[in-house]
$ cat structure-v1.txt   # compact mmCIF, C-alpha atoms and all ligand atoms
# COMPACT_ATOMS: atom_id res chain seq x y z
CA MET P 33 22.44 -29.79 27.35
CA GLU P 34 19.46 -27.99 28.81
CA ARG P 35 16.47 -27.77 26.50
CA ILE P 36 16.02 -24.55 24.52
CA ARG P 37 12.71 -22.93 25.34
CA ILE P 38 10.91 -21.01 22.59
CA GLY P 39 8.19 -18.84 24.13
CA PRO P 40 4.99 -17.74 22.40
CA GLU P 41 6.47 -14.44 21.21
CA GLN P 42 9.73 -15.98 20.04
CA ARG P 43 10.95 -17.10 16.62
CA LEU P 44 13.58 -19.67 15.67
CA PHE P 45 15.92 -19.30 12.68
CA VAL P 46 17.92 -22.41 11.74
CA LEU P 47 20.92 -22.58 9.39
CA THR P 48 22.16 -26.02 8.36
CA GLY P 49 25.26 -27.17 6.50
CA ALA P 50 26.67 -30.42 5.17
CA GLY P 51 27.10 -31.81 8.71
CA VAL P 52 23.33 -32.26 9.08
CA SER P 53 23.39 -34.82 6.26
CA ALA P 54 26.60 -36.55 7.39
CA GLU P 55 24.70 -39.15 9.43
CA SER P 56 22.71 -39.96 6.26
CA GLY P 57 26.01 -41.03 4.66
CA LEU P 58 26.56 -37.91 2.50
CA LYS P 59 30.07 -36.49 2.50
CA THR P 60 30.71 -33.02 3.86
CA PHE P 61 33.03 -30.66 1.96
CA ARG P 62 35.90 -29.81 4.29
CA ASP P 63 36.16 -32.76 6.66
CA GLN P 64 38.81 -35.42 6.12
CA ASP P 65 37.88 -37.34 2.94
CA GLY P 66 35.40 -34.52 2.17
CA LEU P 67 34.22 -33.60 -1.32
CA TRP P 68 36.79 -30.81 -1.69
CA GLU P 69 39.58 -33.30 -1.03
CA GLY P 70 38.44 -35.50 -3.93
CA SER P 71 37.71 -32.65 -6.36
CA ARG P 72 39.04 -29.12 -6.66
CA VAL P 73 36.45 -26.37 -6.29
CA GLU P 74 37.94 -24.63 -9.33
CA ASP P 75 37.33 -27.72 -11.47
CA VAL P 76 33.71 -28.41 -10.59
CA ALA P 77 32.03 -25.53 -8.76
CA THR P 78 32.74 -22.25 -10.56
CA PRO P 79 31.39 -20.59 -13.72
CA GLU P 80 34.91 -20.87 -15.16
CA ALA P 81 34.91 -24.65 -14.62
CA TRP P 82 31.60 -24.85 -16.49
CA ALA P 83 32.98 -22.80 -19.40
CA ARG P 84 36.11 -24.97 -19.56
CA ASP P 85 34.70 -28.48 -19.12
CA ALA P 86 30.95 -28.74 -18.56
CA ALA P 87 30.99 -32.55 -18.73
CA ARG P 88 33.38 -32.70 -15.78
CA VAL P 89 31.11 -30.40 -13.79
CA TRP P 90 28.10 -32.56 -14.64
CA ARG P 91 29.96 -35.77 -13.71
CA PHE P 92 30.56 -34.30 -10.24
CA TYR P 93 26.89 -33.32 -9.74
CA SER P 94 25.62 -36.56 -11.34
CA GLN P 95 27.59 -38.44 -8.70
CA ARG P 96 26.07 -36.20 -6.00
CA ARG P 97 22.59 -37.01 -7.42
CA ARG P 98 23.33 -40.76 -7.28
CA GLU P 99 24.44 -40.55 -3.66
CA ALA P 100 21.56 -38.30 -2.55
CA ARG P 101 18.99 -40.61 -4.18
CA LYS P 102 20.26 -43.48 -2.02
CA ALA P 103 20.39 -41.45 1.22
CA GLU P 104 17.56 -41.21 3.74
CA PRO P 105 16.79 -38.35 6.16
CA ASN P 106 18.29 -38.88 9.62
CA ALA P 107 17.22 -38.00 13.16
CA ALA P 108 18.50 -34.41 12.75
CA HIS P 109 16.36 -33.74 9.65
CA ARG P 110 13.36 -35.26 11.44
CA ALA P 111 13.93 -33.21 14.59
CA LEU P 112 13.95 -29.99 12.52
CA ALA P 113 10.71 -31.02 10.78
CA ASP P 114 9.20 -31.65 14.24
CA MET P 115 10.27 -28.17 15.38
CA GLU P 116 8.48 -26.69 12.37
CA GLN P 117 5.35 -28.70 13.23
CA ALA P 118 5.39 -27.28 16.74
CA LEU P 119 6.32 -23.68 15.86
CA GLY P 120 4.59 -23.13 12.50
CA GLU P 121 5.37 -19.66 11.18
CA ARG P 122 7.68 -18.96 14.10
CA PHE P 123 10.15 -21.42 12.51
CA PHE P 124 12.38 -20.85 9.49
CA LEU P 125 15.06 -23.08 7.99
CA CYS P 126 17.81 -21.91 5.68
CA THR P 127 20.00 -24.69 4.35
CA GLN P 128 23.30 -24.46 2.49
CA ASN P 129 22.73 -28.05 1.42
CA VAL P 130 21.59 -28.92 -2.06
CA ASP P 131 20.23 -32.38 -1.14
CA ASP P 132 16.49 -32.84 -0.55
CA LEU P 133 16.68 -34.60 2.82
CA HIS P 134 15.04 -31.74 4.76
CA GLU P 135 11.99 -31.85 2.47
CA ARG P 136 11.87 -35.63 2.61
CA ALA P 137 11.81 -35.41 6.42
CA GLY P 138 8.81 -33.04 6.20
CA SER P 139 10.32 -29.51 6.35
CA ARG P 140 8.32 -26.95 4.34
CA ARG P 141 9.35 -23.51 5.64
CA LEU P 142 12.82 -23.76 4.14
CA VAL P 143 15.01 -22.18 1.49
CA HIS P 144 18.04 -23.64 -0.29
CA MET P 145 20.43 -20.68 -0.48
CA HIS P 146 22.98 -22.65 -2.55
CA GLY P 147 20.47 -24.20 -4.96
CA GLU P 148 19.02 -27.67 -5.34
CA LEU P 149 20.65 -30.85 -6.56
CA PHE P 150 17.47 -32.20 -8.17
CA ALA P 151 16.81 -29.08 -10.23
CA SER P 152 18.50 -27.78 -13.38
CA ARG P 153 18.25 -24.65 -15.48
CA CYS P 154 19.44 -23.14 -18.74
CA GLU P 155 23.00 -21.77 -18.58
CA PHE P 156 21.63 -18.49 -20.01
CA SER P 157 18.84 -18.10 -17.47
CA GLY P 158 19.18 -15.79 -14.49
CA ALA P 159 20.42 -12.23 -14.21
CA GLY P 160 23.31 -10.61 -15.98
CA MET P 161 23.36 -12.55 -19.24
CA GLY P 162 22.58 -9.53 -21.44
CA ALA P 163 21.10 -10.24 -24.86
CA PHE P 164 21.39 -13.97 -24.30
CA ALA P 165 19.12 -14.05 -21.27
CA CYS P 166 16.72 -16.97 -21.30
CA SER P 167 13.49 -16.66 -19.33
CA ARG P 168 13.07 -20.36 -18.56
CA GLY P 169 13.26 -20.94 -14.81
CA PRO P 170 14.72 -23.88 -12.87
CA PHE P 171 12.90 -27.21 -13.30
CA GLN P 172 12.92 -30.56 -11.49
CA ASP P 173 15.59 -32.85 -12.96
CA ASP P 174 17.22 -35.99 -11.65
CA SER P 175 18.99 -36.98 -14.89
CA LEU P 176 22.64 -37.95 -14.96
CA TYR P 177 24.90 -36.34 -17.58
CA GLU P 178 28.35 -37.80 -18.14
CA THR P 179 29.56 -36.40 -21.48
CA GLU P 180 29.38 -33.07 -23.30
CA ALA P 181 27.17 -34.64 -26.01
CA ALA P 182 24.72 -35.96 -23.40
CA ILE P 183 24.09 -32.56 -21.80
CA ALA P 184 20.47 -31.57 -22.51
CA ARG P 185 19.77 -28.33 -24.38
CA CYS P 186 17.27 -25.60 -23.70
CA ALA P 187 14.90 -24.43 -26.48
CA CYS P 188 17.09 -21.28 -26.71
CA GLY P 189 20.16 -23.38 -27.52
CA GLY P 190 21.84 -23.03 -24.11
CA ARG P 191 23.12 -26.07 -22.25
CA ILE P 192 21.26 -27.30 -19.19
CA ARG P 193 23.33 -26.72 -16.03
CA PRO P 194 22.86 -27.76 -12.38
CA HIS P 195 20.73 -25.33 -10.34
CA ILE P 196 23.61 -24.90 -7.90
CA VAL P 197 25.16 -21.66 -6.69
CA TRP P 198 28.81 -21.87 -7.64
CA PHE P 199 31.65 -19.90 -6.12
CA GLY P 200 31.45 -16.38 -7.53
CA GLU P 201 27.66 -16.54 -7.97
CA MET P 202 24.94 -14.91 -5.87
CA PRO P 203 23.26 -17.01 -3.17
CA LEU P 204 19.49 -17.35 -3.56
CA LYS P 205 16.60 -15.89 -1.51
CA MET P 206 18.78 -13.46 0.42
CA ASN P 207 15.97 -10.92 0.99
CA ARG P 208 13.76 -13.53 2.61
CA ILE P 209 16.68 -14.82 4.69
CA GLU P 210 17.61 -11.35 5.94
CA ARG P 211 13.99 -10.69 6.91
CA GLU P 212 13.75 -13.94 8.84
CA ILE P 213 17.03 -13.31 10.66
CA ALA P 214 15.90 -9.80 11.61
CA GLN P 215 12.75 -11.25 13.25
CA SER P 216 14.39 -14.18 15.01
CA THR P 217 14.99 -14.42 18.74
CA THR P 218 16.93 -17.72 18.65
CA MET P 219 19.38 -18.83 15.98
CA LEU P 220 20.45 -22.45 15.71
CA VAL P 221 23.37 -23.21 13.39
CA VAL P 222 24.01 -26.88 12.67
CA GLY P 223 26.87 -28.71 10.95
CA THR P 224 28.63 -25.99 9.00
CA SER P 225 32.31 -25.05 9.21
CA GLY P 226 31.64 -21.30 9.04
CA ALA P 227 34.03 -20.99 6.11
CA VAL P 228 31.67 -19.86 3.33
CA TYR P 229 30.12 -16.39 3.12
CA PRO P 230 27.56 -14.93 3.40
CA ALA P 231 26.19 -17.87 5.47
CA ALA P 232 29.11 -17.60 7.92
CA ASN P 233 27.97 -14.04 8.64
CA PHE P 234 24.36 -14.84 9.56
CA VAL P 235 25.36 -15.21 13.20
CA HIS P 236 26.75 -11.66 13.07
CA TRP P 237 23.56 -10.33 11.46
CA ALA P 238 21.49 -11.59 14.39
CA GLY P 239 21.14 -8.93 17.08
CA ALA P 240 23.06 -9.21 20.36
CA HIS P 241 19.75 -10.06 22.12
CA VAL P 242 19.43 -13.21 19.96
CA ARG P 243 20.48 -16.52 21.49
CA ARG P 244 23.03 -17.94 19.01
CA ILE P 245 23.72 -21.66 19.37
CA TYR P 246 26.08 -23.81 17.29
CA ILE P 247 25.74 -27.61 17.13
CA GLY P 248 28.37 -29.90 15.62
CA PRO P 249 31.23 -32.22 16.60
CA GLU P 250 33.84 -29.45 16.41
CA GLU P 251 33.97 -25.69 16.77
CA PRO P 252 33.25 -23.76 13.55
CA GLY P 253 35.63 -21.10 12.19
CA ASN P 254 33.28 -18.36 13.43
CA ALA P 255 32.87 -19.87 16.93
CA ASP P 256 33.51 -16.55 18.70
CA ALA P 257 30.23 -15.12 17.40
CA PHE P 258 28.04 -17.73 19.14
CA SER P 259 26.60 -17.41 22.62
CA GLU P 260 26.63 -21.22 23.08
CA ILE P 261 28.42 -24.13 21.43
CA VAL P 262 27.16 -27.68 21.82
CA LEU P 263 29.72 -30.24 20.70
CA GLY P 264 28.04 -33.36 19.35
CA LYS P 265 26.46 -34.97 16.32
CA ALA P 266 23.34 -33.27 14.97
CA GLY P 267 21.32 -36.50 15.03
CA GLU P 268 22.11 -36.98 18.71
CA VAL P 269 21.76 -33.40 19.94
CA LEU P 270 18.73 -32.09 18.02
CA PRO P 271 15.95 -34.56 18.93
CA GLY P 272 14.09 -33.17 21.92
CA LEU P 273 16.36 -30.11 22.15
CA VAL P 274 13.66 -27.49 21.67
CA ASP P 275 10.82 -26.95 24.08
CA VAL P 276 7.92 -25.01 22.56
CA ASP P 277 5.49 -22.93 24.58
P1 LIG W 1 31.81 -28.16 5.52
O1 LIG W 1 32.27 -29.43 4.93
O2 LIG W 1 32.67 -26.97 5.34
O3 LIG W 1 31.55 -28.34 7.07
C1 LIG W 1 30.82 -29.41 7.57
C2 LIG W 1 30.71 -29.26 9.05
O4 LIG W 1 29.86 -30.32 9.52
C3 LIG W 1 32.02 -29.37 9.81
O5 LIG W 1 32.16 -28.27 10.66
C4 LIG W 1 31.87 -30.66 10.63
O6 LIG W 1 32.45 -30.54 11.93
C5 LIG W 1 30.38 -30.78 10.75
N1 LIG W 1 29.86 -32.14 10.97
C6 LIG W 1 30.37 -33.32 10.56
N2 LIG W 1 29.60 -34.35 10.97
C7 LIG W 1 28.56 -33.79 11.66
C8 LIG W 1 27.42 -34.32 12.36
N3 LIG W 1 27.17 -35.63 12.43
N4 LIG W 1 26.58 -33.43 12.95
C9 LIG W 1 26.81 -32.11 12.90
N5 LIG W 1 27.86 -31.57 12.26
C10 LIG W 1 28.72 -32.39 11.65
O7 LIG W 1 30.32 -27.91 4.93
P2 LIG W 1 29.47 -26.55 4.90
O8 LIG W 1 29.87 -25.66 6.02
O9 LIG W 1 28.06 -26.95 4.77
O10 LIG W 1 28.67 -24.70 -1.14
O11 LIG W 1 29.95 -25.91 3.56
C11 LIG W 1 29.39 -24.69 3.14
C12 LIG W 1 29.36 -24.63 1.63
O12 LIG W 1 30.65 -24.88 1.11
C13 LIG W 1 28.50 -25.69 0.99
O13 LIG W 1 27.13 -25.33 0.94
C14 LIG W 1 29.08 -25.83 -0.37
C15 LIG W 1 30.55 -25.78 -0.01
O14 LIG W 1 31.41 -25.37 -0.96
C16 LIG W 1 28.46 -24.84 -2.47
O15 LIG W 1 28.68 -25.86 -3.09
C17 LIG W 1 27.92 -23.61 -3.11

$ encode --input "structure-v1.txt" --output "structure tokens" --more "lines below"
Ligand code: OAD
Amino acid sequence: MERIRIGPEQRLFVLTGAGVSAESGLKTFRDQDGLWEGSRVEDVATPEAWARDAARVWRFYSQRRREARKAEPNAAHRALADMEQALGERFFLCTQNVDDLHERAGSRRLVHMHGELFASRCEFSGAGMGAFACSRGPFQDDSLYETEAAIARCACGGRIRPHIVWFGEMPLKMNRIEREIAQSTTMLVVGTSGAVYPAANFVHWAGAHVRRIYIGPEEPGNADAFSEIVLGKAGEVLPGLVDVD
């Protein structure tokens, strides 16, 4: 496709999903043989699943940690880091992914709205836990936990849980994300099926004047909201796509 020109007064907002890491060998969620085919969301990615069988939840995320450790950033991650280099503060990346491949490719102006695979926190930390609230924040952690007895404990007695936003929980950094979307003049959405909210709504939050481009091998569920759709793999389409003035 024609290159996307970002002029001196313009700002680029990028949203990525599991598809951007597919060429690094990490499974997406909803494609054939995706993670949600092998495991049920209700068993591994909800607060109820954690309450019922925390070891099962940890086995799922321990396996994700093993796979992400082995994976390397691909041409799509590198292309996005290059865009940030060229655009500086006029670039912002919001990822739904919990892997660290964007950082490892060099991205710095990014937020993980669904949490981070290599961080953990106390199950009682965060809002809404009443008298049991624990003030300890998320911390770096690449341990693997396979049994209930192996799950580390916080000083307050709570169990250590993955720093992942489960279904039914609030996505992170939404104020910052809304601010960045409001300022953007081009929105690039890469490798996400448009099935999970609020991320699937970002394209609607962008004003009508904003150029809204989707990149991925198939149309997302919210395809109608985009001004352009580029069918192709992220690692093939993104390098050299953006032209910075
Ligand atoms: P999905 O698995 O729903 O969608 C992945 C998308 O990537 C699909 O639309 C594919 O067409 C596309 N894709 C596959 N290979 C690609 C490639 N090489 N280049 C570009 N695109 C490619 O994953 P997400 O939309 O990211 O949340 O899922 C959103 C959220 O649902 C995840 O963050 C996760 C999940 O449940 C949590 O775990 C909180």

$ atom_distance --input "structure-v1.txt" --atom1 "atom C1 of ligand LIG 1 (chain W)" --atom2 "atom CA of Val89 of chain P"
21.4 Å

$ atom_distance --input "structure-v1.txt" --atom1 "atom O9 of ligand LIG 1 (chain W)" --atom2 "atom CA of Lys205 of chain P"
17.1 Å

$ atom_distance --input "structure-v1.txt" --atom1 "atom CA of Gly158 of chain P" --atom2 "atom CA of Met202 of chain P"
10.4 Å

$ residues_around --input "structure-v1.txt" --residues "Glu55 of chain P" --least-positions-apart "6" --cutoff "10 Å" --atoms "all atoms listed in the file" --output "PyMOL selection string"
chain P and resi 103-109+265-268

$ closest_atom_pairs --input "structure-v1.txt" --of "chain P" --to "ligand LIG 1 (chain W)" --cutoff "9 Å" --atoms "all atoms listed in the file" --output "Markdown table"
| residue | atom | partner | partner_atom | distance |
| --- | --- | --- | --- | --- |
| P:Thr48 | CA | W:LIG1 | O9 | 7.0 |
| P:Gly49 | CA | W:LIG1 | O9 | 3.3 |
| P:Ala50 | CA | W:LIG1 | O9 | 3.8 |
| P:Gly51 | CA | W:LIG1 | O4 | 3.2 |
| P:Val52 | CA | W:LIG1 | C9 | 5.2 |
| P:Ser53 | CA | W:LIG1 | N3 | 7.3 |
| P:Ala54 | CA | W:LIG1 | N3 | 5.2 |
| P:Glu55 | CA | W:LIG1 | N3 | 5.2 |
| P:Ser56 | CA | W:LIG1 | N3 | 8.8 |
| P:Lys59 | CA | W:LIG1 | O1 | 7.8 |
| P:Thr60 | CA | W:LIG1 | O1 | 4.1 |
| P:Phe61 | CA | W:LIG1 | O1 | 3.3 |
| P:Arg62 | CA | W:LIG1 | O1 | 3.7 |
| P:Asp63 | CA | W:LIG1 | O1 | 5.4 |
| P:Gln64 | CA | W:LIG1 | O1 | 8.9 |
| P:Gly66 | CA | W:LIG1 | O1 | 6.6 |
| P:Leu67 | CA | W:LIG1 | O1 | 7.8 |
| P:Trp68 | CA | W:LIG1 | O14 | 7.7 |
| P:Val73 | CA | W:LIG1 | O14 | 7.4 |
| P:Ala77 | CA | W:LIG1 | O15 | 6.6 |
| P:Thr78 | CA | W:LIG1 | C17 | 9.0 |
| P:Ala108 | CA | W:LIG1 | N4 | 8.1 |
| P:Thr127 | CA | W:LIG1 | O13 | 7.9 |
| P:Gln128 | CA | W:LIG1 | O13 | 4.2 |
| P:Asn129 | CA | W:LIG1 | O13 | 5.2 |
| P:Val130 | CA | W:LIG1 | O13 | 7.3 |
| P:Met145 | CA | W:LIG1 | O13 | 8.3 |
| P:His146 | CA | W:LIG1 | C17 | 5.1 |
| P:Gly147 | CA | W:LIG1 | C17 | 7.7 |
| P:Ile196 | CA | W:LIG1 | C17 | 6.6 |
| P:Val197 | CA | W:LIG1 | C17 | 4.9 |
| P:Trp198 | CA | W:LIG1 | C17 | 4.9 |
| P:Phe199 | CA | W:LIG1 | C17 | 6.1 |
| P:Glu201 | CA | W:LIG1 | C17 | 8.6 |
| P:Pro203 | CA | W:LIG1 | C17 | 8.1 |
| P:Val222 | CA | W:LIG1 | C9 | 5.9 |
| P:Gly223 | CA | W:LIG1 | N5 | 3.3 |
| P:Thr224 | CA | W:LIG1 | O8 | 3.2 |
| P:Ser225 | CA | W:LIG1 | O5 | 3.5 |
| P:Gly226 | CA | W:LIG1 | O8 | 5.6 |
| P:Ala227 | CA | W:LIG1 | O2 | 6.2 |
| P:Val228 | CA | W:LIG1 | C11 | 5.3 |
| P:Tyr229 | CA | W:LIG1 | C11 | 8.3 |
| P:Ala231 | CA | W:LIG1 | C11 | 7.9 |
| P:Ala232 | CA | W:LIG1 | O8 | 8.3 |
| P:Ile247 | CA | W:LIG1 | C9 | 6.3 |
| P:Gly248 | CA | W:LIG1 | N5 | 3.8 |
| P:Pro249 | CA | W:LIG1 | O6 | 5.1 |
| P:Glu250 | CA | W:LIG1 | O6 | 4.8 |
| P:Glu251 | CA | W:LIG1 | O5 | 6.9 |
| P:Pro252 | CA | W:LIG1 | O5 | 5.5 |
| P:Gly253 | CA | W:LIG1 | O5 | 8.1 |
| P:Leu263 | CA | W:LIG1 | C9 | 8.5 |
| P:Gly264 | CA | W:LIG1 | N4 | 6.6 |
| P:Lys265 | CA | W:LIG1 | N4 | 3.7 |
| P:Ala266 | CA | W:LIG1 | N4 | 3.8 |
| P:Gly267 | CA | W:LIG1 | N4 | 6.4 |
| P:Glu268 | CA | W:LIG1 | N4 | 8.1 |
| P:Val269 | CA | W:LIG1 | N4 | 8.5 |

$ residues_near_point --input "structure-v1.txt" --point "(17.2, -23.8, 28.4)" --cutoff "10 Å" --atoms "only C-alpha atoms" --output "list in words"
Met33, Glu34, Arg35, Ile36, Arg37, Ile38, Leu273, Val274 and Asp275 of chain P

$ closest_residue --input "structure-v1.txt" --among "P:Phe123, P:Phe45, P:Phe156, P:Tyr177" --to "Ala87 of chain P" --atoms "only C-alpha atoms"
P:Tyr177

$ closest_residue --input "structure-v1.txt" --among "P:Asn233, P:Gln95, P:Thr179, P:Asn254" --to "Ile209 of chain P" --atoms "all atoms listed in the file"
P:Asn233

$ residues_around --input "structure-v1.txt" --residues "Leu149 of chain P" --least-positions-apart "2" --cutoff "9 Å" --atoms "all atoms listed in the file" --output "JSON, numbers by chain"
{"P": [93, 94, 96, 97, 100, 129, 130, 131, 132, 147, 151, 152, 173, 174, 194, 195, 196]}

$ residues_near_point --input "structure-v1.txt" --point "(20.7, -21.6, -27.5)" --cutoff "12 Å" --atoms "only C-alpha atoms" --output "number ranges by chain"
P: 154-157, 163-168, 184-192

$ write_last_selection --input "structure-v1.txt" --atoms "C-alpha atoms" --output "PDB file, in the frame of the given file"
ATOM      1  CA  CYS P 154      19.440 -23.140 -18.740  1.00  0.00           C
ATOM      2  CA  GLU P 155      23.000 -21.770 -18.580  1.00  0.00           C
ATOM      3  CA  PHE P 156      21.630 -18.490 -20.010  1.00  0.00           C
ATOM      4  CA  SER P 157      18.840 -18.100 -17.470  1.00  0.00           C
ATOM      5  CA  ALA P 163      21.100 -10.240 -24.860  1.00  0.00           C
ATOM      6  CA  PHE P 164      21.390 -13.970 -24.300  1.00  0.00           C
ATOM      7  CA  ALA P 165      19.120 -14.050 -21.270  1.00  0.00           C
ATOM      8  CA  CYS P 166      16.720 -16.970 -21.300  1.00  0.00           C
ATOM      9  CA  SER P 167      13.490 -16.660 -19.330  1.00  0.00           C
ATOM     10  CA  ARG P 168      13.070 -20.360 -18.560  1.00  0.00           C
ATOM     11  CA  ALA P 184      20.470 -31.570 -22.510  1.00  0.00           C
ATOM     12  CA  ARG P 185      19.770 -28.330 -24.380  1.00  0.00           C
ATOM     13  CA  CYS P 186      17.270 -25.600 -23.700  1.00  0.00           C
ATOM     14  CA  ALA P 187      14.900 -24.430 -26.480  1.00  0.00           C
ATOM     15  CA  CYS P 188      17.090 -21.280 -26.710  1.00  0.00           C
ATOM     16  CA  GLY P 189      20.160 -23.380 -27.520  1.00  0.00           C
ATOM     17  CA  GLY P 190      21.840 -23.030 -24.110  1.00  0.00           C
ATOM     18  CA  ARG P 191      23.120 -26.070 -22.250  1.00  0.00           C
ATOM     19  CA  ILE P 192      21.260 -27.300 -19.190  1.00  0.00           C
TER      20      ILE P 192
END

$ residues_around --input "structure-v1.txt" --residues "Arg208 of chain P" --least-positions-apart "3" --cutoff "12 Å" --atoms "only C-alpha atoms" --output "NGL selection string"
:P and (45 or 124-126 or 141-145 or 203-205 or 211-215)
